[in-house]
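Source file coords.txt; content: compact mmCIF, C-alpha atoms and all ligand atoms.
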# COMPACT_ATOMS: atom_id res chain seq x y z
CA MET C 1 0.00 0.00 0.00
CA SER C 2 1.51 3.36 -0.96
CA ALA C 3 1.73 6.25 1.46
CA THR C 4 -1.03 8.09 -0.35
CA HIS C 5 -3.48 5.25 0.15
CA ALA C 6 -2.93 5.44 3.87
CA VAL C 7 -3.34 9.20 4.09
CA ASP C 8 -4.96 10.22 7.34
CA LEU C 9 -5.56 13.93 7.70
CA LEU C 10 -6.39 13.43 11.36
CA SER C 11 -3.17 11.64 12.32
CA PRO C 12 -0.93 13.46 14.82
CA GLU C 13 1.68 14.00 12.07
CA ALA C 14 -0.80 15.52 9.62
CA THR C 15 -2.41 17.58 12.37
CA ALA C 16 0.98 19.10 13.25
CA ASP C 17 1.99 19.45 9.60
CA PRO C 18 -0.70 18.89 6.98
CA TYR C 19 1.50 20.24 4.18
CA THR C 20 3.80 17.23 3.84
CA ALA C 21 0.96 14.72 3.51
CA LEU C 22 -0.94 17.00 1.12
CA ALA C 23 2.18 17.57 -1.02
CA GLU C 24 2.61 13.80 -1.38
CA LEU C 25 -0.96 13.50 -2.57
CA ARG C 26 -0.63 16.46 -4.93
CA GLU C 27 2.42 14.89 -6.55
CA SER C 28 1.37 11.26 -6.71
CA ASP C 29 -2.42 11.21 -6.85
CA PRO C 30 -3.90 14.72 -7.13
CA VAL C 31 -7.50 13.50 -7.23
CA HIS C 32 -7.30 10.82 -4.61
CA TYR C 33 -10.01 8.64 -3.12
CA SER C 34 -9.37 8.21 0.58
CA ASP C 35 -10.84 5.06 2.13
CA ARG C 36 -9.96 6.47 5.52
CA HIS C 37 -12.04 9.62 5.02
CA LYS C 38 -14.54 8.20 2.52
CA ALA C 39 -13.91 11.23 0.36
CA TRP C 40 -12.11 12.43 -2.72
CA ILE C 41 -9.22 14.74 -1.85
CA ILE C 42 -8.42 17.34 -4.51
CA THR C 43 -5.00 18.95 -4.08
CA ARG C 44 -3.78 20.73 -7.27
CA TYR C 45 -4.32 24.48 -7.47
CA ASP C 46 -6.12 24.37 -10.84
CA ASP C 47 -8.36 21.46 -9.82
CA VAL C 48 -9.14 23.13 -6.48
CA VAL C 49 -10.20 26.36 -8.20
CA SER C 50 -12.31 24.42 -10.76
CA ALA C 51 -13.96 22.42 -7.98
CA MET C 52 -14.97 25.60 -6.13
CA MET C 53 -16.60 26.89 -9.33
CA ASP C 54 -18.34 23.60 -10.18
CA SER C 55 -22.12 23.60 -9.71
CA ARG C 56 -22.08 19.76 -9.66
CA LEU C 57 -20.42 19.97 -6.24
CA SER C 58 -22.96 20.91 -3.63
CA SER C 59 -22.50 22.72 -0.32
CA ALA C 60 -25.91 21.70 0.99
CA ARG C 61 -24.84 19.31 3.72
CA VAL C 62 -27.24 20.18 6.50
CA GLY C 63 -30.54 20.05 4.55
CA PRO C 64 -30.39 16.30 3.79
CA VAL C 65 -29.61 15.45 7.45
CA LEU C 66 -32.54 17.58 8.56
CA GLU C 67 -34.89 15.92 6.06
CA ARG C 68 -33.79 12.47 7.15
CA MET C 69 -34.33 13.33 10.80
CA ARG C 70 -37.77 14.74 10.11
CA ALA C 71 -38.66 11.64 8.07
CA GLU C 72 -37.58 9.50 11.02
CA GLY C 73 -39.96 11.48 13.23
CA ALA C 74 -37.37 13.47 15.23
CA ASP C 75 -38.98 16.07 17.47
CA ALA C 76 -38.58 19.84 17.14
CA HIS C 77 -36.04 19.94 19.97
CA ALA C 78 -33.71 17.58 18.11
CA THR C 79 -33.93 19.51 14.84
CA GLU C 80 -33.87 23.07 16.23
CA MET C 81 -30.10 23.50 15.98
CA LEU C 82 -29.98 22.05 12.49
CA GLU C 83 -32.69 24.43 11.37
CA VAL C 84 -30.47 27.33 12.43
CA LEU C 85 -27.45 25.89 10.64
CA ASN C 86 -29.51 25.09 7.57
CA SER C 87 -30.37 28.73 7.04
CA TRP C 88 -26.67 29.63 6.76
CA MET C 89 -25.81 30.50 3.18
CA VAL C 90 -22.54 28.60 3.42
CA VAL C 91 -24.49 25.31 3.44
CA GLN C 92 -26.95 26.29 0.72
CA ASP C 93 -26.85 25.96 -3.07
CA PRO C 94 -28.56 28.29 -5.55
CA PRO C 95 -31.25 29.54 -5.75
CA GLU C 96 -31.53 29.78 -1.94
CA HIS C 97 -27.86 30.69 -1.59
CA THR C 98 -28.23 33.47 -4.17
CA ARG C 99 -31.15 34.96 -2.27
CA LEU C 100 -29.42 34.91 1.14
CA ARG C 101 -26.14 36.23 -0.21
CA LYS C 102 -27.90 39.14 -1.93
CA LEU C 103 -29.75 40.05 1.25
CA ALA C 104 -26.51 39.89 3.27
CA ALA C 105 -24.43 41.93 0.84
CA GLY C 106 -25.60 45.30 2.21
CA ALA C 107 -24.08 44.48 5.60
CA PHE C 108 -20.60 44.11 4.05
CA LYS C 109 -20.46 47.33 2.04
CA SER C 110 -16.89 48.36 1.52
CA GLN C 111 -17.21 51.82 3.08
CA ARG C 112 -18.75 50.37 6.24
CA ILE C 113 -15.77 48.06 6.72
CA SER C 114 -13.10 50.67 5.87
CA ALA C 115 -14.66 53.10 8.34
CA MET C 116 -13.98 50.63 11.17
CA GLU C 117 -10.20 50.69 10.99
CA GLU C 118 -9.68 53.21 13.77
CA GLN C 119 -12.05 51.46 16.17
CA VAL C 120 -10.41 48.11 15.44
CA ALA C 121 -6.97 49.62 16.13
CA GLU C 122 -8.23 50.97 19.47
CA MET C 123 -9.58 47.55 20.45
CA VAL C 124 -6.31 45.83 19.51
CA ALA C 125 -4.32 48.38 21.53
CA GLY C 126 -6.58 47.69 24.52
CA TYR C 127 -6.10 43.91 24.33
CA LEU C 128 -2.35 44.28 23.93
CA ASP C 129 -2.05 46.64 26.91
CA ALA C 130 -4.01 44.18 29.03
CA PHE C 131 -1.84 41.31 27.77
CA VAL C 132 1.38 43.11 28.68
CA ALA C 133 0.04 44.21 32.08
CA SER C 134 -1.15 40.68 32.95
CA GLY C 135 2.21 39.03 32.29
CA LYS C 136 0.35 36.19 30.55
CA THR C 137 1.99 34.38 27.65
CA ASP C 138 -0.71 32.80 25.48
CA LEU C 139 -1.20 34.96 22.42
CA VAL C 140 -4.15 32.91 21.17
CA GLN C 141 -6.35 33.25 24.22
CA HIS C 142 -5.49 36.80 25.20
CA VAL C 143 -4.89 38.59 21.91
CA ALA C 144 -5.97 36.69 18.76
CA TYR C 145 -9.15 35.30 20.30
CA PRO C 146 -10.96 38.28 21.89
CA LEU C 147 -10.84 40.63 18.93
CA PRO C 148 -13.02 39.00 16.23
CA ALA C 149 -16.00 38.36 18.51
CA SER C 150 -15.82 41.92 19.87
CA ILE C 151 -15.78 43.25 16.33
CA ILE C 152 -18.79 41.23 15.25
CA ALA C 153 -20.59 42.32 18.43
CA MET C 154 -19.71 45.92 17.63
CA LEU C 155 -20.90 45.49 14.04
CA LEU C 156 -24.19 44.11 15.30
CA GLY C 157 -24.61 47.14 17.54
CA ALA C 158 -24.21 45.29 20.88
CA PRO C 159 -23.05 47.35 23.88
CA VAL C 160 -19.35 46.98 24.79
CA GLU C 161 -20.05 45.28 28.13
CA ASP C 162 -21.92 42.41 26.43
CA ARG C 163 -19.23 41.63 23.91
CA ASP C 164 -17.37 38.91 25.78
CA THR C 165 -20.49 36.79 25.75
CA PHE C 166 -20.33 36.68 21.95
CA GLY C 167 -17.07 34.76 22.16
CA GLU C 168 -18.70 32.13 24.36
CA TRP C 169 -21.64 31.75 21.99
CA SER C 170 -19.27 31.37 19.09
CA ASP C 171 -17.38 28.58 20.86
CA GLU C 172 -20.61 26.77 21.52
CA LEU C 173 -21.63 27.10 17.88
CA ALA C 174 -18.23 25.81 16.82
CA LEU C 175 -18.88 22.62 18.76
CA VAL C 176 -21.58 21.54 16.37
CA ALA C 177 -21.35 23.63 13.25
CA PHE C 178 -19.19 21.21 11.32
CA GLY C 179 -19.89 17.96 13.03
CA ALA C 180 -23.63 18.62 13.03
CA GLY C 181 -26.21 15.90 12.61
CA GLY C 182 -25.82 12.25 13.43
CA SER C 183 -22.24 12.44 14.62
CA ALA C 184 -22.73 15.33 17.04
CA ARG C 185 -22.68 14.04 20.57
CA GLU C 186 -25.75 14.64 22.66
CA ASP C 187 -24.10 16.91 25.26
CA ARG C 188 -22.47 19.04 22.60
CA HIS C 189 -25.84 19.41 20.97
CA GLU C 190 -27.42 20.50 24.24
CA ARG C 191 -24.69 23.05 24.96
CA ALA C 192 -24.86 24.52 21.49
CA LEU C 193 -28.64 24.69 21.63
CA LYS C 194 -28.54 26.50 24.95
CA GLY C 195 -26.00 28.97 23.57
CA VAL C 196 -28.01 29.59 20.43
CA ARG C 197 -31.24 30.10 22.38
CA GLU C 198 -29.55 32.64 24.65
CA MET C 199 -27.99 34.36 21.70
CA PHE C 200 -31.26 34.50 19.77
CA ALA C 201 -33.07 35.96 22.78
CA TYR C 202 -30.37 38.59 23.10
CA LEU C 203 -30.31 39.42 19.40
CA ARG C 204 -34.10 39.55 19.23
CA THR C 205 -34.03 42.47 21.68
CA LEU C 206 -31.44 44.21 19.51
CA LEU C 207 -33.56 43.51 16.42
CA GLU C 208 -36.68 45.00 18.00
CA ARG C 209 -34.73 48.10 19.01
CA VAL C 210 -33.28 48.47 15.52
CA ARG C 211 -36.72 48.10 13.88
CA GLU C 212 -37.84 51.15 15.86
CA THR C 213 -34.67 53.16 15.33
CA PRO C 214 -32.45 51.89 12.53
CA GLY C 215 -28.80 52.88 12.78
CA GLU C 216 -25.47 52.23 11.09
CA ASP C 217 -25.15 48.70 12.49
CA MET C 218 -25.24 45.42 10.58
CA ILE C 219 -28.68 44.38 11.79
CA SER C 220 -30.11 47.61 10.35
CA ALA C 221 -28.40 46.76 7.05
CA LEU C 222 -29.75 43.20 7.12
CA ILE C 223 -33.35 44.31 7.59
CA ALA C 224 -33.18 47.17 5.08
CA PRO C 225 -35.39 46.37 2.07
CA VAL C 226 -33.59 45.48 -1.17
CA GLU C 227 -34.64 46.52 -4.69
CA ASP C 228 -36.90 43.56 -5.52
CA GLY C 229 -38.77 43.91 -2.22
CA ASP C 230 -37.47 40.64 -0.79
CA SER C 231 -36.37 40.60 2.84
CA LEU C 232 -35.08 38.23 5.51
CA THR C 233 -37.51 36.76 8.03
CA ASP C 234 -36.72 37.42 11.70
CA HIS C 235 -35.44 33.85 12.08
CA GLU C 236 -33.19 34.37 9.05
CA VAL C 237 -31.81 37.63 10.45
CA LEU C 238 -30.99 35.96 13.77
CA SER C 239 -29.50 32.89 12.08
CA MET C 240 -27.41 35.10 9.86
CA CYS C 241 -26.04 37.00 12.85
CA ALA C 242 -25.11 33.64 14.41
CA MET C 243 -23.40 32.64 11.17
CA LEU C 244 -21.40 35.88 10.99
CA LEU C 245 -20.30 35.42 14.55
CA PHE C 246 -19.23 31.87 13.88
CA ALA C 247 -17.68 32.38 10.43
CA GLY C 248 -15.82 35.49 11.49
CA HIS C 249 -14.51 34.27 14.82
CA GLU C 250 -12.53 31.06 14.56
CA THR C 251 -11.10 31.89 11.15
CA THR C 252 -9.72 35.28 12.13
CA THR C 253 -8.41 34.06 15.49
CA ASN C 254 -6.58 31.22 13.77
CA SER C 255 -5.25 33.25 10.88
CA THR C 256 -3.72 35.77 13.29
CA ALA C 257 -2.17 33.07 15.46
CA ASN C 258 -0.89 31.04 12.49
CA GLY C 259 0.49 34.20 10.91
CA ILE C 260 2.38 35.28 14.02
CA LEU C 261 3.76 31.75 14.43
CA ALA C 262 4.98 31.74 10.80
CA LEU C 263 6.77 35.06 11.40
CA LEU C 264 8.30 33.89 14.68
CA ARG C 265 9.65 30.80 12.95
CA ASP C 266 11.27 32.94 10.27
CA PRO C 267 13.18 35.77 11.97
CA GLU C 268 14.41 37.16 8.64
CA GLN C 269 10.87 37.72 7.36
CA LEU C 270 9.81 39.04 10.76
CA ALA C 271 12.63 41.60 10.70
CA LEU C 272 11.69 42.58 7.15
CA LEU C 273 8.14 43.33 8.21
CA ARG C 274 9.22 45.21 11.33
CA ASP C 275 11.53 47.37 9.20
CA ASP C 276 8.86 48.12 6.62
CA PRO C 277 5.38 48.23 8.18
CA ASP C 278 3.95 49.51 4.88
CA GLN C 279 4.43 45.96 3.65
CA ILE C 280 1.67 44.72 5.97
CA ALA C 281 -1.14 44.36 3.38
CA VAL C 282 1.06 42.24 1.08
CA ALA C 283 2.42 40.29 4.06
CA VAL C 284 -1.10 39.41 5.27
CA GLU C 285 -1.87 37.77 1.91
CA GLU C 286 1.28 35.69 2.25
CA LEU C 287 0.44 34.68 5.82
CA LEU C 288 -2.99 33.53 4.59
CA ARG C 289 -1.40 31.54 1.78
CA PHE C 290 1.36 30.06 3.89
CA ASP C 291 -0.74 28.78 6.79
CA GLY C 292 -4.36 29.87 6.44
CA PRO C 293 -7.10 28.90 8.91
CA ILE C 294 -9.10 26.65 6.56
CA LYS C 295 -7.35 23.58 5.20
CA VAL C 296 -10.25 21.85 3.50
CA LEU C 297 -13.71 22.71 2.18
CA GLN C 298 -16.32 19.99 1.97
CA ARG C 299 -18.73 19.33 -0.88
CA HIS C 300 -20.73 16.41 -2.27
CA VAL C 301 -21.30 15.36 -5.86
CA THR C 302 -24.79 15.94 -7.24
CA GLU C 303 -24.09 14.78 -10.80
CA THR C 304 -21.56 12.10 -11.76
CA HIS C 305 -18.61 13.58 -13.65
CA GLU C 306 -14.96 13.10 -14.38
CA VAL C 307 -12.04 15.01 -12.88
CA ALA C 308 -8.51 14.28 -14.10
CA GLY C 309 -9.49 10.81 -15.25
CA HIS C 310 -11.43 9.87 -12.09
CA GLU C 311 -15.16 9.39 -11.94
CA LEU C 312 -16.74 11.34 -9.11
CA ALA C 313 -20.08 9.63 -8.61
CA GLN C 314 -23.29 11.19 -7.41
CA GLY C 315 -23.34 11.22 -3.61
CA ASP C 316 -19.54 11.05 -3.21
CA ARG C 317 -17.92 13.33 -0.67
CA VAL C 318 -15.23 15.74 -1.84
CA PHE C 319 -12.53 17.49 0.17
CA ILE C 320 -11.20 20.56 -1.61
CA ALA C 321 -7.76 21.05 -0.07
CA LEU C 322 -7.12 24.80 0.02
CA ALA C 323 -3.95 24.18 2.04
CA ALA C 324 -2.56 21.99 -0.77
CA ALA C 325 -3.48 24.45 -3.53
CA ASN C 326 -1.79 27.28 -1.64
CA ARG C 327 1.50 25.34 -1.67
CA ASP C 328 1.31 24.12 -5.29
CA PRO C 329 4.72 24.71 -6.99
CA GLU C 330 2.92 24.96 -10.36
CA LYS C 331 1.37 28.17 -9.07
CA PHE C 332 3.79 29.58 -6.47
CA ASP C 333 7.59 29.75 -6.66
CA GLU C 334 9.19 28.07 -3.66
CA PRO C 335 5.77 27.49 -2.12
CA ASP C 336 7.08 26.23 1.22
CA ARG C 337 9.01 29.44 1.83
CA LEU C 338 7.38 32.37 3.62
CA ASP C 339 8.00 35.47 1.52
CA ILE C 340 6.16 38.51 2.87
CA THR C 341 6.93 40.43 -0.34
CA ARG C 342 5.31 37.79 -2.57
CA TYR C 343 3.23 39.59 -5.19
CA PRO C 344 1.02 38.80 -7.00
CA ASN C 345 -0.33 36.20 -4.62
CA LYS C 346 -3.46 34.50 -5.89
CA HIS C 347 -3.98 32.25 -2.88
CA VAL C 348 -7.30 30.55 -2.27
CA ALA C 349 -7.56 31.04 1.50
CA PHE C 350 -10.87 32.89 1.05
CA GLY C 351 -12.28 30.35 -1.43
CA ARG C 352 -13.62 31.15 -4.89
CA GLY C 353 -16.89 31.17 -6.78
CA ILE C 354 -20.31 31.83 -5.33
CA HIS C 355 -19.32 31.03 -1.73
CA ALA C 356 -16.08 33.07 -1.71
CA CYS C 357 -15.71 34.67 1.71
CA ILE C 358 -18.11 37.59 2.11
CA GLY C 359 -16.12 38.80 5.11
CA ALA C 360 -12.72 38.88 3.36
CA GLN C 361 -12.34 42.66 3.53
CA LEU C 362 -13.12 42.66 7.23
CA ALA C 363 -10.81 39.69 7.84
CA ARG C 364 -7.96 41.42 6.03
CA LEU C 365 -8.47 44.58 8.04
CA GLU C 366 -8.51 42.65 11.31
CA MET C 367 -5.37 40.73 10.42
CA ARG C 368 -3.51 43.84 9.31
CA VAL C 369 -4.32 45.75 12.45
CA ASN C 370 -3.78 42.76 14.72
CA VAL C 371 -0.46 41.58 13.29
CA GLN C 372 0.90 45.12 13.09
CA GLY C 373 -0.31 45.92 16.60
CA ILE C 374 1.36 42.79 17.99
CA LEU C 375 4.69 43.52 16.29
CA GLU C 376 4.68 47.17 17.36
CA ARG C 377 3.60 46.63 20.95
CA LEU C 378 5.52 43.46 21.80
CA ASP C 379 9.22 44.21 21.49
CA GLY C 380 11.53 41.22 21.28
CA LEU C 381 8.59 38.90 20.58
CA ARG C 382 9.67 35.25 20.55
CA LEU C 383 8.26 31.77 21.14
CA GLU C 384 8.47 30.55 24.71
CA GLU C 385 11.22 27.95 24.71
CA GLY C 386 10.40 24.34 25.24
CA THR C 387 6.71 24.56 24.47
CA GLU C 388 5.35 21.98 22.13
CA LEU C 389 2.76 23.50 19.86
CA GLN C 390 -0.61 21.82 19.82
CA TRP C 391 -2.99 21.92 16.88
CA ALA C 392 -6.65 21.01 17.15
CA PRO C 393 -7.32 17.69 15.41
CA SER C 394 -9.59 18.81 12.59
CA ILE C 395 -9.82 18.13 8.89
CA ALA C 396 -11.21 21.57 8.10
CA SER C 397 -9.50 24.02 10.46
CA ARG C 398 -5.87 24.81 11.08
CA SER C 399 -6.12 25.87 14.68
CA LEU C 400 -3.47 26.31 17.37
CA THR C 401 -4.77 25.63 20.84
CA ARG C 402 -2.11 27.90 22.41
CA LEU C 403 0.73 30.11 21.24
CA PRO C 404 2.97 30.83 24.24
CA VAL C 405 5.26 33.80 23.62
CA LEU C 406 7.71 35.98 25.51
CA HIS C 407 8.51 39.62 24.92
CA ASP C 408 10.46 42.44 26.51
CA ALA C 409 7.92 44.25 28.64
CA VAL C 410 7.74 47.96 27.86
C1 LIG G 1 -8.94 35.11 7.74
C2 LIG G 1 -10.21 34.97 7.97
C3 LIG G 1 -11.17 34.23 7.08
C4 LIG G 1 -10.94 33.23 6.17
C5 LIG G 1 -9.60 32.61 5.77
C6 LIG G 1 -12.21 32.88 5.59
C7 LIG G 1 -12.37 31.91 4.60
C8 LIG G 1 -13.58 31.59 4.02
C9 LIG G 1 -13.75 30.59 2.99
C10 LIG G 1 -12.65 29.69 2.43
C11 LIG G 1 -15.07 30.56 2.65
C12 LIG G 1 -15.71 29.68 1.58
C13 LIG G 1 -16.50 28.54 2.19
C14 LIG G 1 -17.00 27.57 1.13
O1 LIG G 1 -16.78 27.76 -0.06
O2 LIG G 1 -17.65 26.59 1.54
C15 LIG G 1 -15.73 31.56 3.47
C16 LIG G 1 -17.08 31.84 3.43
C17 LIG G 1 -17.71 32.72 4.28
N1 LIG G 1 -17.11 33.59 5.17
FE1 LIG G 1 -15.13 33.71 5.58
N2 LIG G 1 -13.19 33.65 6.16
C18 LIG G 1 -12.59 34.50 7.06
C19 LIG G 1 -13.22 35.47 7.83
C20 LIG G 1 -14.55 35.78 7.75
C21 LIG G 1 -15.19 36.87 8.46
C22 LIG G 1 -14.47 37.89 9.36
C23 LIG G 1 -16.54 36.80 8.17
C24 LIG G 1 -17.69 37.65 8.62
C25 LIG G 1 -17.76 38.36 9.66
C26 LIG G 1 -16.73 35.69 7.26
C27 LIG G 1 -17.93 35.29 6.75
C28 LIG G 1 -18.09 34.32 5.79
C29 LIG G 1 -19.38 33.90 5.29
C30 LIG G 1 -20.74 34.44 5.71
C31 LIG G 1 -19.14 32.91 4.32
C32 LIG G 1 -20.17 32.16 3.49
C33 LIG G 1 -20.33 32.84 2.15
C34 LIG G 1 -21.25 32.10 1.20
O3 LIG G 1 -21.59 30.95 1.45
O4 LIG G 1 -21.65 32.72 0.20
N3 LIG G 1 -15.50 35.10 7.03
N4 LIG G 1 -14.81 32.17 4.29
As structure tokens, the full file:
Amino acid sequence: MSATHAVDLLSPEATADPYTALAELRESDPVHYSDRHKAWIITRYDDVVSAMMDSRLSSARVGPVLERMRAEGADAHATEMLEVLNSWMVVQDPPEHTRLRKLAAGAFKSQRISAMEEQVAEMVAGYLDAFVASGKTDLVQHVAYPLPASIIAMLLGAPVEDRDTFGEWSDELALVAFGAGGSAREDRHERALKGVREMFAYLRTLLERVRETPGEDMISALIAPVEDGDSLTDHEVLSMCAMLLFAGHETTTNSTANGILALLRDPEQLALLRDDPDQIAVAVEELLRFDGPIKVLQRHVTETHEVAGHELAQGDRVFIALAAANRDPEKFDEPDRLDITRYPNKHVAFGRGIHACIGAQLARLEMRVNVQGILERLDGLRLEEGTELQWAPSIASRSLTRLPVLHDAV
């Protein structure tokens, strides 16, 4: 049996370093059927981009589970969480996806996001001051983690003092969002459901307030009528807020942590960025390419078709390996080298096609401000010696559980 046939993306080796296993697949069997994962794994840049644009690969993975559960007579309690997840555009195909995406677009207007830069910088400065004052060392928990949830809470118009709770809700959502359905353990389901109910109750109050007095917040934008008169139902507005919180939280936390780790492991590139902070926007793209927060996107085949000589049959599961595409030597020179001046840099960390990340502008802003803030505020930043890095065992996410660092307190 060749190494590729035994590929296990959840093994401790692949969890610590997915790039070696994915490179082997990309070279020897770029459209590989994994018995271990019961899925096709697509690893070449061109095939990955084509797969993301292919309407025969469906994102609708919650709907079928929900239908099956209803057919089996599951009660409303058991399906409540799935109903929330099922109204997230990321697990919908057209035409429903098209409708939801159009109604969400107003909330992500470019000017709205650009206008936030100063507030984001203030928040980052606050977290960094608290980090330095506390003497704590974990950059994930104390710096990368708090920012995204606070930003989403701010975007939704929630008062500052309530913002920490958003992080907790997001964690609870994360417990089920990708393992939803049959495989989700009962207690995880209960915890997530409790979190979502609390969150919905909270957001409903915000929604009622905004209906009376619309403002500049995202909920006001989500309920504003669009040209053709269509609008989101209340349940859709609340579900969408939950989705934004979830989609914008883990990804941005992980991309900041992974990015800082990549810089700390490459002192030459770190020094280059410190010497030329204007390079930050280009550097952020490279950090996303080099070790982005999403390794794999999942789809299933709705119409049998051929890819690179392999027949992908209706019903088959497909893993689109963004992490492999972003290191493809056919597309990037010296792909395993971090080069913060790399330009152009057509990485696929934000996906492509109809589901391409709607929050990309916000994510880029957060990463720019966060990475720059960390480098400016934490002089002599370095990894704490002797710590073994731990990555969460996940096929989809590239997620450090901790990033212990030292710095020269100023
Ligand atoms: C560095 C941070 C981020 C990365 C790398 C990232 C990456 C991605 C990727 C790869 C997809 C495509 C999913 C697919 O095709 O199945 C996606 C979709 C999405 N992202 Fe992001 N994301 C980030 C941050 C954010 C933020 C901050 C938000 C919002 C606050 C957000 C909201 C969304 C939403 C709503 C979708 C679904 C879009 C659709 O289905 O049409 N993301 N993201």
Within 6 Å of ligand LIG 1 (chain G), counting only C-alpha atoms and all ligand atoms: which residues, as a list of chain:residue names?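 The neighbouring residues of ligand LIG 1 (chain G) are, in order, C:Met89, C:Val90, C:Arg101, C:Leu244, C:Ala247, C:Gly248, C:Thr251, C:Thr252, C:Ser255, C:Gly292, C:Pro293, C:Leu297, C:Ala349, C:Phe350, C:Gly351, C:Ile354, C:His355, C:Ala356, C:Cys357, C:Ile358, C:Gly359, C:Ala360, C:Leu362, C:Ala363.
All residues of protein, DNA or RNA that reach within 12 Å of Thr98 of chain C, judged by all atoms listed in the file and not counting those fewer than 4 positions away in the chain, are Trp88, Met89, Val90, Val91, Gln92, Asp93, Pro94, Lys102, Leu103, Ala104, Ala105, Gly353, Ile354 and His355 of chain C.
Every polymer residue reaching to within 12 Å of (-28.4, 41.1, -2.3), counting all atoms listed in the file, appears in this list: Glu96, His97, Thr98, Arg99, Leu100, Arg101, Lys102, Leu103, Ala104, Ala105, Gly106, Ala107, Phe108, Lys109, Ala221, Leu222, Ile223, Ala224, Pro225, Val226, Glu227, Asp228, Gly229, Asp230, Ser231, Leu232 and Ile358 of chain C.
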Rank nothing, just name the residue among C:Pro393, C:Gly215, C:Pro277, C:Gly63 nearest to Ile374 of chain C, using all atoms listed in the file.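 Closest to Ile374 of chain C, using all atoms listed in the file: C:Pro277.
Residues lying within 8 Å of Trp391 of chain C, counting only C-alpha atoms and ignoring same-chain neighbours fewer than 5 positions away, are C:Thr15, C:Ala16, C:Arg398, C:Ser399, C:Leu400, C:Thr401.
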Any idea what's packed within 12 Å of Asp291 of chain C, counting only C-alpha atoms, ignoring anything in its chain fewer than 6 positions away? Could you give it as a PDB file with C-alpha atoms, in the frame of the given file?
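For reference, result-v3.pdb as written:
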ATOM      1  CA  ALA C  16       0.980  19.100  13.250  1.00  0.00           C
ATOM      2  CA  ASP C  17       1.990  19.450   9.600  1.00  0.00           C
ATOM      3  CA  PRO C  18      -0.700  18.890   6.980  1.00  0.00           C
ATOM      4  CA  TYR C  19       1.500  20.240   4.180  1.00  0.00           C
ATOM      5  CA  THR C 251     -11.100  31.890  11.150  1.00  0.00           C
ATOM      6  CA  ASN C 254      -6.580  31.220  13.770  1.00  0.00           C
ATOM      7  CA  SER C 255      -5.250  33.250  10.880  1.00  0.00           C
ATOM      8  CA  THR C 256      -3.720  35.770  13.290  1.00  0.00           C
ATOM      9  CA  ALA C 257      -2.170  33.070  15.460  1.00  0.00           C
ATOM     10  CA  ASN C 258      -0.890  31.040  12.490  1.00  0.00           C
ATOM     11  CA  GLY C 259       0.490  34.200  10.910  1.00  0.00           C
ATOM     12  CA  ILE C 260       2.380  35.280  14.020  1.00  0.00           C
ATOM     13  CA  LEU C 261       3.760  31.750  14.430  1.00  0.00           C
ATOM     14  CA  ALA C 262       4.980  31.740  10.800  1.00  0.00           C
ATOM     15  CA  LEU C 263       6.770  35.060  11.400  1.00  0.00           C
ATOM     16  CA  VAL C 284      -1.100  39.410   5.270  1.00  0.00           C
ATOM     17  CA  GLU C 285      -1.870  37.770   1.910  1.00  0.00           C
ATOM     18  CA  LEU C 322      -7.120  24.800   0.020  1.00  0.00           C
ATOM     19  CA  ALA C 323      -3.950  24.180   2.040  1.00  0.00           C
ATOM     20  CA  ALA C 324      -2.560  21.990  -0.770  1.00  0.00           C
ATOM     21  CA  ALA C 325      -3.480  24.450  -3.530  1.00  0.00           C
ATOM     22  CA  ASN C 326      -1.790  27.280  -1.640  1.00  0.00           C
ATOM     23  CA  ARG C 327       1.500  25.340  -1.670  1.00  0.00           C
ATOM     24  CA  PRO C 335       5.770  27.490  -2.120  1.00  0.00           C
ATOM     25  CA  ASP C 336       7.080  26.230   1.220  1.00  0.00           C
ATOM     26  CA  ARG C 337       9.010  29.440   1.830  1.00  0.00           C
ATOM     27  CA  LEU C 338       7.380  32.370   3.620  1.00  0.00           C
ATOM     28  CA  HIS C 347      -3.980  32.250  -2.880  1.00  0.00           C
ATOM     29  CA  VAL C 348      -7.300  30.550  -2.270  1.00  0.00           C
ATOM     30  CA  ALA C 349      -7.560  31.040   1.500  1.00  0.00           C
ATOM     31  CA  SER C 397      -9.500  24.020  10.460  1.00  0.00           C
ATOM     32  CA  ARG C 398      -5.870  24.810  11.080  1.00  0.00           C
ATOM     33  CA  SER C 399      -6.120  25.870  14.680  1.00  0.00           C
ATOM     34  CA  LEU C 400      -3.470  26.310  17.370  1.00  0.00           C
TER      35      LEU C 400
END
Please indicate the distance in Å from atom CA of Ala313 of chain C to atom CA of Ile294 of chain C, rounded to one decimal place.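 Atom-to-atom, atom CA of Ala313 of chain C to atom CA of Ile294 of chain C, that is 25.3 Å.
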Exercise on segment 309-323 of chain C, axis-aligned box with 3 Å per side, report centre and edge lengths in Å to one decimal, as JSON:
{"center_x": -13.6, "center_y": 17.1, "center_z": -6.6, "size_x": 25.4, "size_y": 21.4, "size_z": 23.3}
Selected residue of minimal separation from Leu378 of chain C among C:Glu306, C:Asp129, C:Asp275, C:Glu80, counting only C-alpha atoms: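 Looking at the shortest contact to Leu378 of chain C, the residue is C:Asp129.
Atom CA of Glu366 of chain C is positioned 7.6 Å from atom CA of Pro148 of chain C.
Straight-line separation from atom CA of Asp276 of chain C to atom CA of Leu128 of chain C: 21.0 Å.
Residues in contact range of segment 39-47 of chain C, defined as at most 6 Å between all atoms listed in the file, with sequence neighbours fewer than 3 positions away removed, read Arg26, Pro30, Val31, His32, Tyr33, Ser34, Ser50, Ala51, Arg317, Val318, Phe319, Ile320, Ala321, Ala324 and Ala325 of chain C.
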